[in-house]
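Everything below concerns the one structure shown next.
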Amino acid sequence: MSSWTDPLDKRCDTVGNAFPHIQCKIIDPETGEILPPGQNGEFCSRGYNIMKGYYKMPDATAAAIDAEGWLHSGDLACCDEQGYYKITGRLKDMIIRGGENIYPKEIEEFIYTHEDVQDVQVIGVPDKTYGEEVMACVIAKEGSGLTEEKLRKYITERLARHKVPKYIELMDEFPMNAAGKVLKYKMREDAAKRLGL
């Protein structure tokens with residue numbers, strides 16, 4: 001958590017730093033190695049504030065809390081040199097394309113910079129060659145005249161090639177649950193069917 005005495009950018013752009021007597025770390029989700037500042041990985045913490053486990057769910061508890069007491073949050077995050085943490089996405093949403101980790105939130109934040117984009121969700125869809133490919137599902141602002149071709153040109157000119165979505169689809173709405181949360185798993189299933197993957 002940040003403090004009221006922290007600089008404005010740290011209070012607004014990060015989730016703050018560790019509480020006293022709480023340990024936090026960013027690990028490589030595949031190897032468990034602690035990552036240096038600036039690298040994305042899974043956020044883990046341990047200390048007095050960590051739950052003992054899920055009620056009557058030992059398997060779920062074992063999946064979330066390791067033998068050393070570290071809670072594996074499932075959040076992707078990075079830490080800066082001063083110890084401030086920034087959440088960059090969800091581990092289950094990470095796209096692994098040909099062995100390379102691609103973070104949907106990073107691509108979504110870039111696509112939001114286009115003036116005609118109202119909303120965007122980036123998902124991974126199956127691919128025979130690379131395992132997964134990147135797909136951007138976009139809701140355009142009403143009356144904007146945004147096309148897939150215009151958006152692809154905008155993205156290709158400004159984003160690293162490996163982050164450019166292979167598929168871009170304009171949509172009217174995203175599937176949501178009763179609480180208004182976007183159902184990315186449903187979007188992945190539907191996209192795979194539409195694309196014949």
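Residues in the structure tokens are named by chain (A, B, ... in the order shown) and by number from 1 within that chain; ligands are numbered from 1 in the order shown.
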Name the residues in contact with Gly196 of chain A at a cut-off of 12 Å, using only C-alpha atoms, excluding same-chain residues fewer than 3 positions from it; report them as JSON, numbers by chain.
-> {"A": [125, 126, 127, 128, 188, 189, 190, 191, 192, 193]}
Store the residues picked out above, limited to C-alpha atoms, as a CSV table (one decimal), in the first residue's frame.
```
chain,number,residue,atom,x,y,z
A,125,VAL,CA,-6.4,-17.9,-29.1
A,126,PRO,CA,-5.1,-21.4,-30.1
A,127,ASP,CA,-2.5,-21.7,-32.8
A,128,LYS,CA,-1.0,-24.8,-34.3
A,188,ARG,CA,-11.5,-17.2,-26.0
A,189,GLU,CA,-14.0,-20.1,-26.6
A,190,ASP,CA,-16.2,-18.0,-28.9
A,191,ALA,CA,-13.2,-16.7,-30.9
A,192,ALA,CA,-11.7,-20.2,-31.3
A,193,LYS,CA,-15.1,-21.4,-32.8
```
Backbone DSSP call of helix (DSSP H, G or I) for segment 38-128 of chain A, listed as a ChimeraX atom specification | /A:58-64,91-93,104-111
Write out as a VMD selection string the residues lying within 12 Å of Asp93 of chain A, counting only C-alpha atoms and excluding same-chain residues fewer than 3 positions away.
-> chain A and resid 74 to 76 88 to 90 96 101 to 106 121 to 125 132 134 183 to 185 187 to 188
